[in-house]
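Enquirer: The file below is entry-v2.cif, mmCIF, C-alpha atoms:
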```
data_work
loop_
_atom_site.label_atom_id
_atom_site.label_comp_id
_atom_site.auth_asym_id
_atom_site.auth_seq_id
_atom_site.Cartn_x
_atom_site.Cartn_y
_atom_site.Cartn_z
CA MET A 27 0.00 0.00 0.00
CA ALA A 28 1.26 3.46 -0.91
CA ILE A 29 0.69 5.92 1.96
CA VAL A 30 0.36 9.63 1.13
CA ASP A 31 -0.84 12.06 3.81
CA SER A 32 -2.42 9.14 5.75
CA VAL A 33 -4.31 7.89 2.66
CA ARG A 34 -3.45 4.28 1.71
CA VAL A 35 -3.91 3.19 -1.91
CA HIS A 36 -2.91 -0.27 -3.16
CA PRO A 37 -0.67 -0.11 -6.26
CA THR A 38 -3.20 -2.14 -8.27
CA ALA A 39 -6.07 0.27 -7.53
CA LEU A 40 -7.24 2.64 -10.28
CA VAL A 41 -8.18 6.07 -8.94
CA GLU A 42 -9.26 8.46 -11.70
CA GLU A 43 -8.77 12.20 -12.05
CA GLY A 44 -10.71 14.44 -9.70
CA VAL A 45 -11.35 11.78 -7.02
CA GLN A 46 -11.25 13.19 -3.48
CA LEU A 47 -9.96 10.87 -0.74
CA GLY A 48 -10.35 12.03 2.85
CA GLU A 49 -7.80 11.58 5.61
CA GLY A 50 -7.27 7.97 6.65
CA VAL A 51 -8.98 6.41 3.62
CA SER A 52 -7.84 2.89 2.62
CA VAL A 53 -8.25 1.69 -0.98
CA TRP A 54 -7.43 -2.00 -1.41
CA ASP A 55 -6.29 -4.07 -4.38
CA ASN A 56 -7.96 -3.78 -7.79
CA VAL A 57 -10.46 -1.17 -6.65
CA HIS A 58 -11.67 1.19 -9.39
CA ILE A 59 -12.87 4.66 -8.36
CA ARG A 60 -14.23 6.80 -11.22
CA ARG A 61 -13.73 10.49 -11.80
CA ASN A 62 -14.93 13.07 -9.27
CA ALA A 63 -16.09 10.55 -6.66
CA ARG A 64 -15.73 11.84 -3.10
CA ILE A 65 -14.72 9.51 -0.27
CA GLY A 66 -14.94 10.67 3.36
CA ALA A 67 -12.31 10.31 6.06
CA ASN A 68 -11.43 6.91 7.53
CA THR A 69 -13.45 5.00 4.94
CA SER A 70 -12.20 1.57 3.83
CA ILE A 71 -12.88 0.26 0.30
CA GLY A 72 -12.42 -3.48 -0.08
CA GLU A 73 -10.70 -5.31 -2.90
CA LYS A 74 -12.18 -5.41 -6.41
CA SER A 75 -14.92 -2.93 -5.59
CA TYR A 76 -16.18 -0.38 -8.14
CA ILE A 77 -17.32 3.16 -7.37
CA ALA A 78 -18.83 5.14 -10.25
CA TYR A 79 -18.24 8.78 -11.16
CA ASP A 80 -19.60 11.51 -8.88
CA VAL A 81 -20.60 9.05 -6.13
CA VAL A 82 -20.46 10.62 -2.66
CA ILE A 83 -19.43 8.46 0.32
CA GLY A 84 -19.25 9.85 3.84
CA PRO A 85 -16.69 9.27 6.59
CA ASN A 86 -16.22 6.07 8.60
CA VAL A 87 -17.82 3.82 5.97
CA LYS A 88 -16.81 0.15 5.58
CA ILE A 89 -17.09 -1.24 2.05
CA ASN A 90 -16.19 -4.92 1.73
CA ALA A 91 -14.92 -6.75 -1.36
CA PHE A 92 -16.69 -6.99 -4.74
CA VAL A 93 -19.13 -4.12 -4.09
CA TYR A 94 -20.63 -2.30 -7.10
CA ILE A 95 -21.73 1.29 -6.45
CA CYS A 96 -23.25 2.92 -9.53
CA ALA A 97 -23.70 6.58 -10.42
CA GLY A 98 -26.37 8.43 -8.49
CA VAL A 99 -25.66 6.76 -5.14
CA THR A 100 -24.99 8.73 -1.95
CA ILE A 101 -23.74 6.91 1.14
CA GLU A 102 -23.76 8.82 4.40
CA GLU A 103 -21.43 8.38 7.37
CA MET A 104 -20.95 5.21 9.43
CA CYS A 105 -22.52 2.87 6.88
CA MET A 106 -21.44 -0.73 6.22
CA ILE A 107 -21.74 -2.42 2.82
CA SER A 108 -20.96 -6.12 2.87
CA ALA A 109 -19.29 -8.20 0.16
CA GLY A 110 -21.04 -8.66 -3.15
CA THR A 111 -23.57 -5.85 -2.72
CA VAL A 112 -24.87 -4.32 -5.97
CA PHE A 113 -26.56 -0.93 -6.35
CA THR A 114 -28.65 -0.20 -9.46
CA ASN A 115 -29.89 3.07 -10.96
CA ASP A 116 -31.49 2.34 -14.33
CA ARG A 117 -35.26 2.53 -14.63
CA PHE A 118 -35.43 0.93 -18.07
CA PRO A 119 -32.30 -1.25 -18.44
CA ARG A 120 -31.66 -2.10 -22.08
CA SER A 121 -28.55 -2.68 -24.18
CA MET A 122 -29.75 -0.38 -27.00
CA ASN A 123 -31.15 3.14 -27.03
CA LYS A 124 -34.87 3.65 -27.61
CA GLU A 125 -34.30 4.12 -31.35
CA LEU A 126 -32.34 0.82 -31.48
CA THR A 127 -29.56 2.60 -33.39
CA ALA A 128 -26.69 2.42 -30.87
CA LEU A 129 -25.72 1.14 -27.46
CA GLU A 130 -27.51 2.95 -24.65
CA THR A 131 -25.30 5.52 -22.92
CA SER A 132 -23.78 4.61 -19.56
CA ASP A 133 -23.91 8.25 -18.48
CA PRO A 134 -26.76 9.40 -16.22
CA THR A 135 -29.92 10.56 -18.01
CA GLU A 136 -33.30 11.89 -16.90
CA GLU A 137 -34.27 8.25 -16.33
CA THR A 138 -31.40 7.55 -13.91
CA LEU A 139 -32.72 7.29 -10.35
CA SER A 140 -30.78 8.30 -7.25
CA THR A 141 -30.37 6.16 -4.14
CA VAL A 142 -29.44 7.35 -0.65
CA MET A 143 -28.07 5.18 2.13
CA LYS A 144 -28.62 7.14 5.34
CA ARG A 145 -26.13 7.24 8.18
CA GLY A 146 -25.38 4.09 10.10
CA ALA A 147 -27.27 1.73 7.76
CA THR A 148 -25.91 -1.77 7.05
CA ILE A 149 -26.29 -3.92 3.93
CA GLY A 150 -25.66 -7.66 4.25
CA ALA A 151 -23.64 -9.73 1.79
CA ASN A 152 -24.93 -10.28 -1.75
CA ALA A 153 -27.84 -7.86 -1.41
CA THR A 154 -29.21 -5.96 -4.41
CA ILE A 155 -30.47 -2.39 -3.98
CA GLY A 156 -32.99 -1.22 -6.57
CA PRO A 157 -32.98 2.26 -8.14
CA GLY A 158 -34.48 5.28 -6.42
CA ILE A 159 -34.34 3.74 -2.93
CA MET A 160 -33.93 5.41 0.47
CA LEU A 161 -32.33 3.21 3.13
CA GLY A 162 -33.23 4.77 6.48
CA GLU A 163 -30.83 5.63 9.28
CA PHE A 164 -29.42 2.56 11.06
CA SER A 165 -31.58 0.21 8.99
CA MET A 166 -30.35 -3.35 8.42
CA ILE A 167 -30.62 -5.11 5.05
CA GLY A 168 -30.39 -8.89 5.44
CA MET A 169 -27.94 -10.87 3.34
CA GLY A 170 -29.19 -11.78 -0.12
CA SER A 171 -32.12 -9.36 0.06
CA VAL A 172 -33.50 -7.60 -3.02
CA VAL A 173 -34.63 -4.13 -1.94
CA THR A 174 -37.33 -2.62 -4.15
CA ARG A 175 -38.78 0.09 -1.90
CA ASP A 176 -37.72 2.55 0.80
CA VAL A 177 -36.63 1.11 4.14
CA PRO A 178 -37.68 2.89 7.39
CA PRO A 179 -35.07 3.95 9.96
CA ASN A 180 -33.88 1.06 12.19
CA ALA A 181 -35.93 -1.44 10.19
CA LEU A 182 -34.67 -4.97 9.53
CA VAL A 183 -35.63 -6.19 6.05
CA ILE A 184 -35.07 -9.60 4.46
CA GLY A 185 -36.13 -11.53 1.40
CA ASN A 186 -36.96 -11.01 -2.28
CA PRO A 187 -38.59 -8.58 -2.44
CA ALA A 188 -37.33 -7.37 0.92
CA ARG A 189 -39.94 -6.85 3.62
CA VAL A 190 -39.75 -5.39 7.13
CA VAL A 191 -39.62 -8.17 9.74
CA GLY A 192 -38.45 -6.23 12.79
CA TYR A 193 -36.44 -3.32 14.13
CA VAL A 194 -32.83 -3.08 15.29
CA CYS A 195 -30.80 -0.93 17.65
CA VAL A 196 -28.22 1.61 16.55
CA CYS A 197 -25.59 -0.88 17.78
CA GLY A 198 -27.04 -3.75 15.73
CA PRO A 199 -29.13 -6.31 17.69
CA ARG A 200 -32.80 -6.90 16.91
CA LEU A 201 -35.08 -5.07 19.36
CA PHE A 202 -38.25 -6.95 18.42
CA SER A 203 -39.94 -8.84 15.61
CA LEU A 204 -43.09 -7.63 13.87
CA SER A 205 -44.54 -11.07 14.50
CA ALA A 206 -44.83 -9.92 18.13
CA PRO A 207 -44.73 -6.10 18.02
CA PRO A 208 -44.66 -4.02 21.21
CA ALA A 209 -47.72 -2.22 22.48
CA GLU A 210 -48.35 1.40 21.55
CA GLY A 211 -46.08 3.63 23.65
CA GLN A 212 -44.07 0.70 25.01
CA ARG A 213 -40.46 1.34 26.03
CA ILE A 214 -37.84 -0.97 24.51
CA VAL A 215 -34.27 -1.24 25.85
CA CYS A 216 -31.38 -2.77 23.89
CA HIS A 217 -29.75 -5.62 25.84
CA ARG A 218 -26.35 -4.79 24.32
CA CYS A 219 -25.95 -1.04 24.74
CA GLU A 220 -28.98 -0.14 26.90
CA ARG A 221 -30.20 2.50 24.47
CA SER A 222 -33.89 3.18 24.97
CA TYR A 223 -36.66 3.43 22.36
CA GLU A 224 -40.41 3.89 22.22
CA TRP A 225 -42.85 2.30 19.76
CA ARG A 226 -45.40 4.91 18.65
CA ASN A 227 -47.61 5.13 15.55
CA GLU A 228 -45.93 2.00 14.14
CA GLN A 229 -42.55 3.74 14.23
CA LEU A 230 -39.48 3.37 16.45
CA HIS A 231 -38.45 6.54 18.32
CA ALA A 232 -35.17 6.94 20.19
CA LYS A 233 -35.51 8.16 23.78
CA ASP A 234 -33.15 10.73 25.25
#
```
Mind converting the file's structure to C-alpha cells?
Expert:
Amino acid sequence: MAIVDSVRVHPTALVEEGVQLGEGVSVWDNVHIRRNARIGANTSIGEKSYIAYDVVIGPNVKINAFVYICAGVTIEEMCMISAGTVFTNDRFPRSMNKELTALETSDPTEETLSTVMKRGATIGANATIGPGIMLGEFSMIGMGSVVTRDVPPNALVIGNPARVVGYVCVCGPRLFSLSAPPAEGQRIVCHRCERSYEWRNEQLHAKD
C-alpha cells in the first residue's frame, strides 16, 4: 500500500482524475474509483470494488470486497456495505437506445434514479439495492435481500422482495420482531448497549 498524507492506496487500484480521498482512507487491491467521486475520512474500500463517477461516500464507511456502487448513489457516514452488494440506478435497463440505433449511454440521463443510504445503515452480503431507494438511518438489510422500496429507519428487512420483519438498535441487535410487536407507547431497551426506544404510531423513536 502506498501511503500519502495518511491515505493508503494499493498499487493495483485505479483512482481516476478528480477523485477526493479524505484523511485515513484505505483503498485496497484492484479497486476502481471513477472520476470526481468523493470519499470521506477513515473509509475503507475493499478489494475489487467499483465506485462510479460523482458518487459521494461519507466518513467512517466500511465497504467490503466486490461491491458495485453505480452513479447516483450517496452513502452517508458510518454505513457498512458487505461483500457482493450491488446498487442499481437504471429505470429501463436495455442494451440499445430507444431508437435501437446504438448502445444505450452509460452516463446518467433523466431516467437515472438516485439512491441514498442514510447514516449508520448496514447492507448484508450479496444484497441488491434497486434504483431510487432510500435506506433509512441505522436500517439493516439482510444478506441476499433484493430491496425494491424505501426502508424505514432502524428497520430490519429480508427476502426477495425485501420486507420489514423487525427493528434493530443503533448498535445492531434486533429489538423486536413484527410477528410480536410491542404495544403502543411501550419502552424498549437494547440488551447490548442499553439504548432506549419507544414504539409509537408503528414507528421506532429513540428516547433521550
Enquirer: Please enumerate the residues selected by the PyMOL selection byres ((chain A and resi 142) around 10) when evaluated against the supplied file, formatted as an mmCIF file with C-alpha atoms, in the frame of the given file.
Expert:
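This went into result_39.cif:
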```
data_model
loop_
_atom_site.group_PDB
_atom_site.id
_atom_site.type_symbol
_atom_site.label_atom_id
_atom_site.label_comp_id
_atom_site.auth_asym_id
_atom_site.auth_seq_id
_atom_site.Cartn_x
_atom_site.Cartn_y
_atom_site.Cartn_z
ATOM 1 C CA VAL A 82 -20.460 10.620 -2.660
ATOM 2 C CA GLY A 98 -26.370 8.430 -8.490
ATOM 3 C CA VAL A 99 -25.660 6.760 -5.140
ATOM 4 C CA THR A 100 -24.990 8.730 -1.950
ATOM 5 C CA ILE A 101 -23.740 6.910 1.140
ATOM 6 C CA GLU A 102 -23.760 8.820 4.400
ATOM 7 C CA SER A 140 -30.780 8.300 -7.250
ATOM 8 C CA THR A 141 -30.370 6.160 -4.140
ATOM 9 C CA MET A 143 -28.070 5.180 2.130
ATOM 10 C CA LYS A 144 -28.620 7.140 5.340
ATOM 11 C CA ARG A 145 -26.130 7.240 8.180
ATOM 12 C CA PRO A 157 -32.980 2.260 -8.140
ATOM 13 C CA GLY A 158 -34.480 5.280 -6.420
ATOM 14 C CA ILE A 159 -34.340 3.740 -2.930
ATOM 15 C CA MET A 160 -33.930 5.410 0.470
ATOM 16 C CA LEU A 161 -32.330 3.210 3.130
ATOM 17 C CA GLY A 162 -33.230 4.770 6.480
ATOM 18 C CA ASP A 176 -37.720 2.550 0.800
#
```
Enquirer: So, with all atoms listed in the file as the atoms that count, which of A:Leu139, A:Met166, A:Val183, A:Cys105 lies closest to A:Pro119?
Expert: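 Nearest candidate to A:Pro119 out of A:Leu139, A:Met166, A:Val183, A:Cys105: A:Leu139.
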Enquirer: Could you list, as a PyMOL selection string, every residue matched by the PyMOL selection byres ((chain A and resi 225) around 10) in this structure?
Expert: chain A and resi 207-214+223-224+226-232
Enquirer: What does the distance between atom CA of A:Pro199 and atom CA of A:Val112 come to in Å, to one decimal place?
Expert: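 Here the two named atoms are 24.1 Å from each other.
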Enquirer: Could you check how far atom CA of A:Ala153 sits from atom CA of A:Phe118, in Å to one decimal?
Expert: 20.3 Å
Enquirer: Taking all atoms listed in the file into account, which of A:Asp116, A:Asp55, A:Glu103, A:Glu73 comes nearest A:Gly146?
Expert: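 Selected residue with least distance to A:Gly146: A:Glu103.
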Enquirer: For this structure, which residues satisfy the selection - the PyMOL selection byres ((chain A and resi 180) around 9) - when it is evaluated on the file as given? I want them as a list in words.
Expert: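 Checking the PyMOL selection byres ((chain A and resi 180) around 9) against this file, the residues are Ala147, Gly162, Glu163, Phe164, Ser165, Met166, Val177, Pro178, Pro179, Ala181, Leu182, Gly192, Tyr193, Val194, Cys195, Val196 and Leu230 of chain A.
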Enquirer: Of the candidates A:Ile77, A:Val191, A:Ile83, A:Ala206, which shows the shortest atom-to-atom distance to A:Ala97, using all atoms listed in the file?
Expert: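 So, comparing all the options, the nearest one is A:Ile77.
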Enquirer: A:Gly150, A:Gly72, A:Pro85, A:Pro134: which is nearest A:Glu49, counting all atoms listed in the file?
Expert: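 The shortest atom-to-atom distance to A:Glu49 comes from A:Pro85.
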Enquirer: I need the residue nearest A:Asn186 from this list: A:Leu47, A:Ile149, A:Met169, A:Val53. Use only C-alpha atoms for the distance.
Expert: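 For A:Asn186, the nearest of the candidates is A:Met169.
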Enquirer: From the list A:Asn86, A:Gln46, A:Thr127, A:Ser75, which residue is nearest A:Asn62 when using all atoms listed in the file?
Expert: A:Gln46
Enquirer: State, in Å with one decimal place, the distance from atom CA of A:Asn68 to atom CA of A:Val172.
Expert: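 These two atoms are separated by 28.4 Å.
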